[in-house]
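*Asks:* TSV, C-alpha atoms, saved as protein.tsv, coming up:
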```tsv
chain	number	residue	atom	x	y	z
L	409	MET	CA	55.20	4.24	111.79
L	410	ILE	CA	58.44	2.41	112.39
L	411	ARG	CA	59.01	1.50	116.04
L	412	LEU	CA	61.75	-0.44	117.73
L	413	HIS	CA	61.36	-2.04	121.11
L	414	PHE	CA	64.40	-1.75	123.36
L	415	ASN	CA	65.42	-3.73	126.39
L	416	ARG	CA	68.31	-2.91	128.71
L	417	THR	CA	67.60	-5.76	131.13
L	418	GLY	CA	69.38	-8.54	129.21
L	419	ARG	CA	73.08	-9.31	129.18
L	420	GLN	CA	73.45	-7.27	126.03
L	421	PRO	CA	71.06	-4.35	125.34
L	422	THR	CA	68.96	-4.99	122.25
L	423	THR	CA	66.51	-3.32	119.91
L	424	TRP	CA	64.01	-5.22	117.88
L	425	LEU	CA	61.51	-4.47	115.18
L	426	LEU	CA	57.79	-4.08	115.80
L	427	ASP	CA	56.04	-3.08	112.59
L	428	VAL	CA	58.34	-2.06	109.75
L	429	PRO	CA	58.70	-2.57	106.01
L	430	ILE	CA	61.24	-5.24	105.16
L	431	PHE	CA	62.58	-5.97	101.73
L	432	THR	CA	62.48	-9.42	100.18
L	433	VAL	CA	66.01	-9.58	98.84
L	434	CYS	CA	67.56	-12.90	97.85
L	435	PRO	CA	70.87	-13.39	99.71
L	436	ASN	CA	71.99	-15.74	96.92
L	437	CYS	CA	71.69	-13.53	93.82
L	438	ALA	CA	70.72	-10.09	95.25
L	439	PHE	CA	67.42	-9.96	93.35
L	440	THR	CA	65.16	-7.46	95.11
L	441	PRO	CA	61.48	-7.12	94.16
L	442	PRO	CA	60.30	-3.48	94.17
L	443	GLU	CA	57.88	-3.96	97.08
L	444	ALA	CA	58.30	-4.50	100.78
L	445	ARG	CA	56.60	-6.83	103.26
L	446	ARG	CA	55.39	-5.71	106.68
L	447	TYR	CA	57.24	-7.28	109.57
L	448	VAL	CA	54.76	-7.90	112.37
L	449	GLY	CA	56.57	-10.69	114.19
L	450	SER	CA	56.70	-14.40	113.59
L	451	ARG	CA	55.04	-17.67	114.40
L	452	TYR	CA	57.52	-19.92	116.23
L	453	GLY	CA	60.41	-18.07	114.62
L	454	LEU	CA	59.19	-18.23	111.01
L	455	VAL	CA	58.48	-14.80	109.54
L	456	GLY	CA	57.88	-16.13	106.03
L	457	SER	CA	59.52	-17.47	102.93
L	458	PHE	CA	59.50	-16.99	99.19
L	459	THR	CA	61.10	-18.44	96.09
L	460	CYS	CA	63.44	-16.05	94.31
L	461	ALA	CA	62.08	-15.15	90.87
L	462	ALA	CA	65.61	-14.70	89.51
L	463	CYS	CA	67.61	-17.74	90.72
L	464	GLY	CA	64.98	-20.04	92.20
L	465	ALA	CA	66.52	-20.11	95.69
L	466	LYS	CA	64.17	-20.78	98.61
L	467	VAL	CA	64.59	-17.78	100.89
L	468	THR	CA	63.47	-18.20	104.49
L	469	ILE	CA	62.99	-15.25	106.85
L	470	THR	CA	63.32	-16.17	110.52
L	471	ASP	CA	63.66	-14.49	113.88
L	472	GLY	CA	63.98	-15.58	117.49
L	473	ASP	CA	60.21	-16.06	117.91
L	474	CYS	CA	59.47	-12.31	117.65
L	475	TYR	CA	62.90	-11.39	119.06
L	476	PRO	CA	65.99	-10.27	117.17
L	477	PRO	CA	67.71	-10.84	114.91
L	478	VAL	CA	65.68	-11.20	111.70
L	479	ARG	CA	67.71	-13.42	109.37
L	480	PHE	CA	67.32	-13.97	105.63
L	481	THR	CA	68.70	-17.33	104.46
L	482	ALA	CA	68.88	-18.54	100.84
L	483	ASP	CA	69.00	-22.27	100.21
L	484	VAL	CA	70.03	-23.52	96.78
L	485	PRO	CA	70.49	-27.29	96.43
L	486	GLY	CA	74.17	-28.19	96.13
L	487	LYS	CA	75.41	-24.81	97.38
L	488	PRO	CA	76.18	-23.53	100.89
L	489	GLN	CA	73.48	-21.41	102.51
L	490	VAL	CA	73.87	-17.64	102.23
L	491	SER	CA	72.38	-15.34	104.86
L	492	PHE	CA	72.40	-11.85	106.35
L	493	ILE	CA	70.89	-10.10	109.37
L	494	TYR	CA	68.27	-7.48	108.59
L	495	GLU	CA	68.92	-5.14	111.54
L	496	ASP	CA	72.58	-4.83	110.52
L	497	VAL	CA	71.67	-3.99	106.90
L	498	TYR	CA	69.21	-1.27	107.94
L	499	ARG	CA	71.40	-0.13	110.86
L	500	LEU	CA	68.56	-0.47	113.35
L	501	ASN	CA	70.61	-2.16	116.04
L	502	TRP	CA	71.55	-0.89	119.49
L	503	ALA	CA	75.06	0.24	118.53
L	504	ASP	CA	73.87	2.34	115.59
L	505	MET	CA	71.14	3.93	117.72
L	506	GLU	CA	73.77	4.92	120.29
L	507	ARG	CA	76.14	6.31	117.62
L	508	ALA	CA	73.30	8.34	116.06
L	509	GLY	CA	72.40	9.68	119.51
L	510	ALA	CA	76.02	10.65	120.10
L	511	ALA	CA	76.03	12.62	116.83
L	512	LEU	CA	72.99	14.53	118.13
L	513	CYS	CA	74.42	14.89	121.65
L	514	THR	CA	71.25	13.25	123.00
L	515	SER	CA	70.02	9.72	123.42
L	516	LEU	CA	67.60	8.35	120.83
L	517	ILE	CA	66.78	5.51	123.22
L	518	PRO	CA	64.54	6.79	126.03
L	519	ALA	CA	65.53	6.26	129.64
L	520	GLY	CA	64.22	3.17	131.37
L	521	GLU	CA	64.72	-0.55	131.19
L	522	LYS	CA	62.27	-1.21	128.35
L	523	GLY	CA	60.35	0.92	125.91
L	524	TYR	CA	60.03	2.05	122.32
L	525	VAL	CA	62.06	4.11	119.85
L	526	ASP	CA	60.10	5.96	117.16
L	527	VAL	CA	62.48	5.70	114.20
L	528	GLU	CA	60.67	8.43	112.25
L	529	ALA	CA	61.08	10.89	115.15
L	530	ALA	CA	64.76	9.92	115.39
L	531	LEU	CA	65.08	10.47	111.63
L	532	ARG	CA	63.52	13.94	111.95
L	533	ALA	CA	66.06	14.78	114.68
L	534	LEU	CA	68.91	13.64	112.42
L	535	GLU	CA	67.56	15.73	109.53
L	536	VAL	CA	67.31	18.82	111.76
L	537	GLU	CA	70.95	18.33	112.77
L	538	ILE	CA	72.00	17.92	109.11
L	539	ALA	CA	70.19	21.18	108.23
L	540	ARG	CA	71.71	22.96	111.26
L	541	LEU	CA	75.21	21.90	110.19
L	542	ASN	CA	74.38	22.77	106.55
L	543	LEU	CA	75.72	19.41	105.37
L	544	PRO	CA	75.18	18.31	101.75
L	545	HIS	CA	73.01	15.21	101.33
L	546	ALA	CA	75.19	12.11	100.91
L	547	PRO	CA	73.41	8.95	99.74
L	548	ALA	CA	74.50	5.94	101.77
L	549	PRO	CA	76.11	3.05	99.93
L	550	LEU	CA	73.97	-0.07	100.19
L	551	PRO	CA	75.44	-3.29	101.56
L	552	ASP	CA	76.51	-6.00	99.14
L	553	GLY	CA	73.54	-7.70	97.54
L	554	VAL	CA	71.00	-5.00	98.44
L	555	THR	CA	69.70	-3.02	95.48
L	556	TRP	CA	66.59	-1.37	96.96
L	557	VAL	CA	65.49	-0.17	100.38
L	558	PRO	CA	61.98	1.07	101.35
L	559	LEU	CA	61.84	4.88	101.49
L	560	PRO	CA	61.66	5.56	105.24
L	561	LEU	CA	64.65	3.32	105.85
L	562	ARG	CA	66.53	4.70	102.84
L	563	ALA	CA	66.20	8.17	104.40
L	564	TRP	CA	67.46	6.74	107.74
L	565	LEU	CA	70.54	5.22	106.08
L	566	ASP	CA	71.24	8.43	104.13
L	567	ALA	CA	70.95	10.59	107.27
L	568	LEU	CA	73.35	8.34	109.21
L	569	HIS	CA	75.81	8.41	106.33
L	570	THR	CA	75.54	12.19	105.88
L	571	LEU	CA	76.36	12.71	109.57
L	572	GLY	CA	79.24	10.24	109.36
L	573	VAL	CA	77.68	7.83	111.85
```
Rewrite the coordinates I just gave you, this time as structure tokens.

*Replies:*
Amino acid sequence: MIRLHFNRTGRQPTTWLLDVPIFTVCPNCAFTPPEARRYVGSRYGLVGSFTCAACGAKVTITDGDCYPPVRFTADVPGKPQVSFIYEDVYRLNWADMERAGAALCTSLIPAGEKGYVDVEAALRALEVEIARLNLPHAPAPLPDGVTWVPLPLRAWLDALHTLGV
């Protein structure tokens, strides 16, 4: 199950990850191993790290101590750091949730100040709308440097792209 926590009480509404597969892509050379890690939060902001098997960069995965955003940063001695934000790559941020809801003419984010979004239920709603509109499947282009995405999130990206969100 992929769930996002949402919070409308802050200055800017946010969604953040609870328990989802995350890829271990290297922001420096775009090497992506064919397996995902489980994101289950962090310890003092450190989600984990690994050494890229292709270029040797030390890749650190951080968050705001279990709050968004999740950031991948590659550090290669003598080169500037390269990084990206996970929620933007997978389109699991507040703005994309609102745009997807607008395409369905319903909100994917339940009413209330705080709560949870079941991404798989939202994906099923998008797929029903795609079938209702009889739209051909359109695979989403992946962002620069990303060569592989875990299946449930690949389907999410493809559904958003097919609906033009």

*Asks:* Restricting the calculation to all atoms listed in the file, which member of L:Leu500, L:Leu512, L:Arg451, L:Gly456 is positioned closest to Val525 in chain L?

*Replies:*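 Looking only at the distances to Val525 in chain L, the closest residue turns out to be L:Leu500.
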
*Asks:* Of the residues L:Trp556, L:Thr570, L:Glu528, L:Leu561, which is the one nearest to Glu443 in chain L, using all atoms listed in the file?

*Replies:* L:Trp556

*Asks:* I'd like to know which of L:Pro549, L:Pro476, L:Pro442, L:Gly449 is closest to Leu568 in chain L, using all atoms listed in the file.

*Replies:* L:Pro549

*Asks:* When you count all atoms listed in the file, which of these residues is closest to Val433 in chain L: L:Ala546, L:Ala539, L:Val554, L:Ile410?

*Replies:* L:Val554

*Asks:* Grab the CA of Glu495 in chain L to CA of Arg540 in chain L distance for me, in Å with one decimal place.

*Replies:*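 Taking CA of Glu495 in chain L as the start and CA of Arg540 in chain L as the end point, the length is 28.2 Å.
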
*Asks:* So which residues touch Ala567 in chain L within 9 Å, counting only C-alpha atoms, skipping near sequence neighbours fewer than 3 positions away, as a PDB file with C-alpha atoms, in the coordinates of the input?

*Replies:*
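Written output follows (part-v8.pdb):
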```pdb
ATOM      1  CA  LEU L 531      65.080  10.470 111.630  1.00  0.00           C
ATOM      2  CA  LEU L 534      68.910  13.640 112.420  1.00  0.00           C
ATOM      3  CA  GLU L 535      67.560  15.730 109.530  1.00  0.00           C
ATOM      4  CA  ILE L 538      72.000  17.920 109.110  1.00  0.00           C
ATOM      5  CA  HIS L 545      73.010  15.210 101.330  1.00  0.00           C
ATOM      6  CA  ALA L 546      75.190  12.110 100.910  1.00  0.00           C
ATOM      7  CA  PRO L 547      73.410   8.950  99.740  1.00  0.00           C
ATOM      8  CA  ALA L 548      74.500   5.940 101.770  1.00  0.00           C
ATOM      9  CA  ARG L 562      66.530   4.700 102.840  1.00  0.00           C
ATOM     10  CA  ALA L 563      66.200   8.170 104.400  1.00  0.00           C
ATOM     11  CA  TRP L 564      67.460   6.740 107.740  1.00  0.00           C
ATOM     12  CA  THR L 570      75.540  12.190 105.880  1.00  0.00           C
ATOM     13  CA  LEU L 571      76.360  12.710 109.570  1.00  0.00           C
ATOM     14  CA  GLY L 572      79.240  10.240 109.360  1.00  0.00           C
ATOM     15  CA  VAL L 573      77.680   7.830 111.850  1.00  0.00           C
TER      16      VAL L 573
END
```

*Asks:* Which residue out of L:Pro558, L:Ala511, L:Arg416, L:Pro441 has the minimum interatomic distance to Leu541 in chain L when all atoms listed in the file are used?

*Replies:*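 For Leu541 in chain L, the nearest of the given residues is L:Ala511.
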
*Asks:* Give the answer as one residue: which of L:Cys437, L:Cys474, L:Tyr498, L:Phe431 has the shortest atom-to-atom distance to Ser457 in chain L, using all atoms listed in the file?

*Replies:*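 The shortest atom-to-atom distance to Ser457 in chain L comes from L:Phe431.
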
*Asks:* Could you model N, CA, C and O atoms for range 464-489 of chain L and present them as an mmCIF file, in the frame of the given file?

*Replies:*
```cif
data_model
loop_
_atom_site.group_PDB
_atom_site.id
_atom_site.type_symbol
_atom_site.label_atom_id
_atom_site.label_comp_id
_atom_site.auth_asym_id
_atom_site.auth_seq_id
_atom_site.Cartn_x
_atom_site.Cartn_y
_atom_site.Cartn_z
ATOM 1 N N GLY L 464 65.710 -18.874 91.724
ATOM 2 C CA GLY L 464 64.980 -20.040 92.200
ATOM 3 C C GLY L 464 65.326 -20.491 93.610
ATOM 4 O O GLY L 464 64.837 -21.525 94.068
ATOM 5 N N ALA L 465 66.150 -19.733 94.322
ATOM 6 C CA ALA L 465 66.520 -20.110 95.690
ATOM 7 C C ALA L 465 65.300 -20.004 96.604
ATOM 8 O O ALA L 465 64.458 -19.130 96.426
ATOM 9 N N LYS L 466 65.216 -20.891 97.583
ATOM 10 C CA LYS L 466 64.170 -20.780 98.610
ATOM 11 C C LYS L 466 64.746 -19.896 99.701
ATOM 12 O O LYS L 466 65.733 -20.225 100.339
ATOM 13 N N VAL L 467 64.126 -18.740 99.897
ATOM 14 C CA VAL L 467 64.590 -17.780 100.890
ATOM 15 C C VAL L 467 63.655 -17.859 102.091
ATOM 16 O O VAL L 467 62.447 -17.711 101.953
ATOM 17 N N THR L 468 64.238 -18.106 103.253
ATOM 18 C CA THR L 468 63.470 -18.200 104.490
ATOM 19 C C THR L 468 63.824 -17.014 105.371
ATOM 20 O O THR L 468 65.000 -16.669 105.532
ATOM 21 N N ILE L 469 62.797 -16.387 105.944
ATOM 22 C CA ILE L 469 62.990 -15.250 106.850
ATOM 23 C C ILE L 469 62.602 -15.736 108.241
ATOM 24 O O ILE L 469 61.470 -16.174 108.455
ATOM 25 N N THR L 470 63.556 -15.675 109.168
ATOM 26 C CA THR L 470 63.320 -16.170 110.520
ATOM 27 C C THR L 470 63.710 -15.112 111.551
ATOM 28 O O THR L 470 64.436 -14.167 111.247
ATOM 29 N N ASP L 471 63.211 -15.297 112.754
ATOM 30 C CA ASP L 471 63.660 -14.490 113.880
ATOM 31 C C ASP L 471 63.668 -15.377 115.116
ATOM 32 O O ASP L 471 63.454 -16.579 115.014
ATOM 33 N N GLY L 472 63.938 -14.814 116.246
ATOM 34 C CA GLY L 472 63.980 -15.580 117.490
ATOM 35 C C GLY L 472 62.619 -15.621 118.155
ATOM 36 O O GLY L 472 62.500 -15.256 119.316
ATOM 37 N N ASP L 473 61.579 -16.025 117.418
ATOM 38 C CA ASP L 473 60.210 -16.060 117.910
ATOM 39 C C ASP L 473 59.798 -14.660 118.384
ATOM 40 O O ASP L 473 59.497 -14.439 119.553
ATOM 41 N N CYS L 474 59.810 -13.725 117.458
ATOM 42 C CA CYS L 474 59.470 -12.310 117.650
ATOM 43 C C CYS L 474 60.572 -11.519 118.360
ATOM 44 O O CYS L 474 60.348 -10.395 118.806
ATOM 45 N N TYR L 475 61.745 -12.075 118.493
ATOM 46 C CA TYR L 475 62.900 -11.390 119.060
ATOM 47 C C TYR L 475 63.997 -11.325 118.013
ATOM 48 O O TYR L 475 64.019 -12.116 117.081
ATOM 49 N N PRO L 476 64.928 -10.402 118.169
ATOM 50 C CA PRO L 476 65.990 -10.270 117.170
ATOM 51 C C PRO L 476 66.941 -11.453 117.205
ATOM 52 O O PRO L 476 66.960 -12.155 118.195
ATOM 53 N N PRO L 477 67.704 -11.589 116.158
ATOM 54 C CA PRO L 477 67.710 -10.840 114.910
ATOM 55 C C PRO L 477 66.794 -11.482 113.869
ATOM 56 O O PRO L 477 66.451 -12.651 113.962
ATOM 57 N N VAL L 478 66.420 -10.681 112.855
ATOM 58 C CA VAL L 478 65.680 -11.200 111.700
ATOM 59 C C VAL L 478 66.733 -11.606 110.676
ATOM 60 O O VAL L 478 67.577 -10.804 110.296
ATOM 61 N N ARG L 479 66.685 -12.865 110.269
ATOM 62 C CA ARG L 479 67.710 -13.420 109.370
ATOM 63 C C ARG L 479 67.072 -13.877 108.068
ATOM 64 O O ARG L 479 66.046 -14.546 108.071
ATOM 65 N N PHE L 480 67.701 -13.492 106.953
ATOM 66 C CA PHE L 480 67.320 -13.970 105.630
ATOM 67 C C PHE L 480 68.311 -15.057 105.234
ATOM 68 O O PHE L 480 69.523 -14.823 105.264
ATOM 69 N N THR L 481 67.824 -16.225 104.849
ATOM 70 C CA THR L 481 68.700 -17.330 104.460
ATOM 71 C C THR L 481 68.240 -17.877 103.114
ATOM 72 O O THR L 481 67.061 -18.197 102.940
ATOM 73 N N ALA L 482 69.166 -17.978 102.167
ATOM 74 C CA ALA L 482 68.880 -18.540 100.840
ATOM 75 C C ALA L 482 69.433 -19.952 100.784
ATOM 76 O O ALA L 482 70.580 -20.197 101.140
ATOM 77 N N ASP L 483 68.603 -20.865 100.324
ATOM 78 C CA ASP L 483 69.000 -22.270 100.210
ATOM 79 C C ASP L 483 68.863 -22.693 98.751
ATOM 80 O O ASP L 483 67.762 -22.697 98.199
ATOM 81 N N VAL L 484 69.993 -23.014 98.142
ATOM 82 C CA VAL L 484 70.030 -23.520 96.780
ATOM 83 C C VAL L 484 70.639 -24.911 96.859
ATOM 84 O O VAL L 484 71.740 -25.072 97.407
ATOM 85 N N PRO L 485 69.943 -25.931 96.355
ATOM 86 C CA PRO L 485 70.490 -27.290 96.430
ATOM 87 C C PRO L 485 71.898 -27.374 95.837
ATOM 88 O O PRO L 485 72.174 -26.824 94.772
ATOM 89 N N GLY L 486 72.790 -28.008 96.575
ATOM 90 C CA GLY L 486 74.170 -28.190 96.130
ATOM 91 C C GLY L 486 75.100 -27.032 96.432
ATOM 92 O O GLY L 486 76.275 -27.084 96.106
ATOM 93 N N LYS L 487 74.581 -25.964 97.039
ATOM 94 C CA LYS L 487 75.410 -24.810 97.380
ATOM 95 C C LYS L 487 75.285 -24.534 98.873
ATOM 96 O O LYS L 487 74.268 -24.844 99.486
ATOM 97 N N PRO L 488 76.311 -23.894 99.480
ATOM 98 C CA PRO L 488 76.180 -23.530 100.890
ATOM 99 C C PRO L 488 75.116 -22.438 101.061
ATOM 100 O O PRO L 488 74.886 -21.636 100.158
ATOM 101 N N GLN L 489 74.479 -22.435 102.220
ATOM 102 C CA GLN L 489 73.480 -21.410 102.510
ATOM 103 C C GLN L 489 74.140 -20.038 102.600
ATOM 104 O O GLN L 489 75.273 -19.909 103.054
#
```
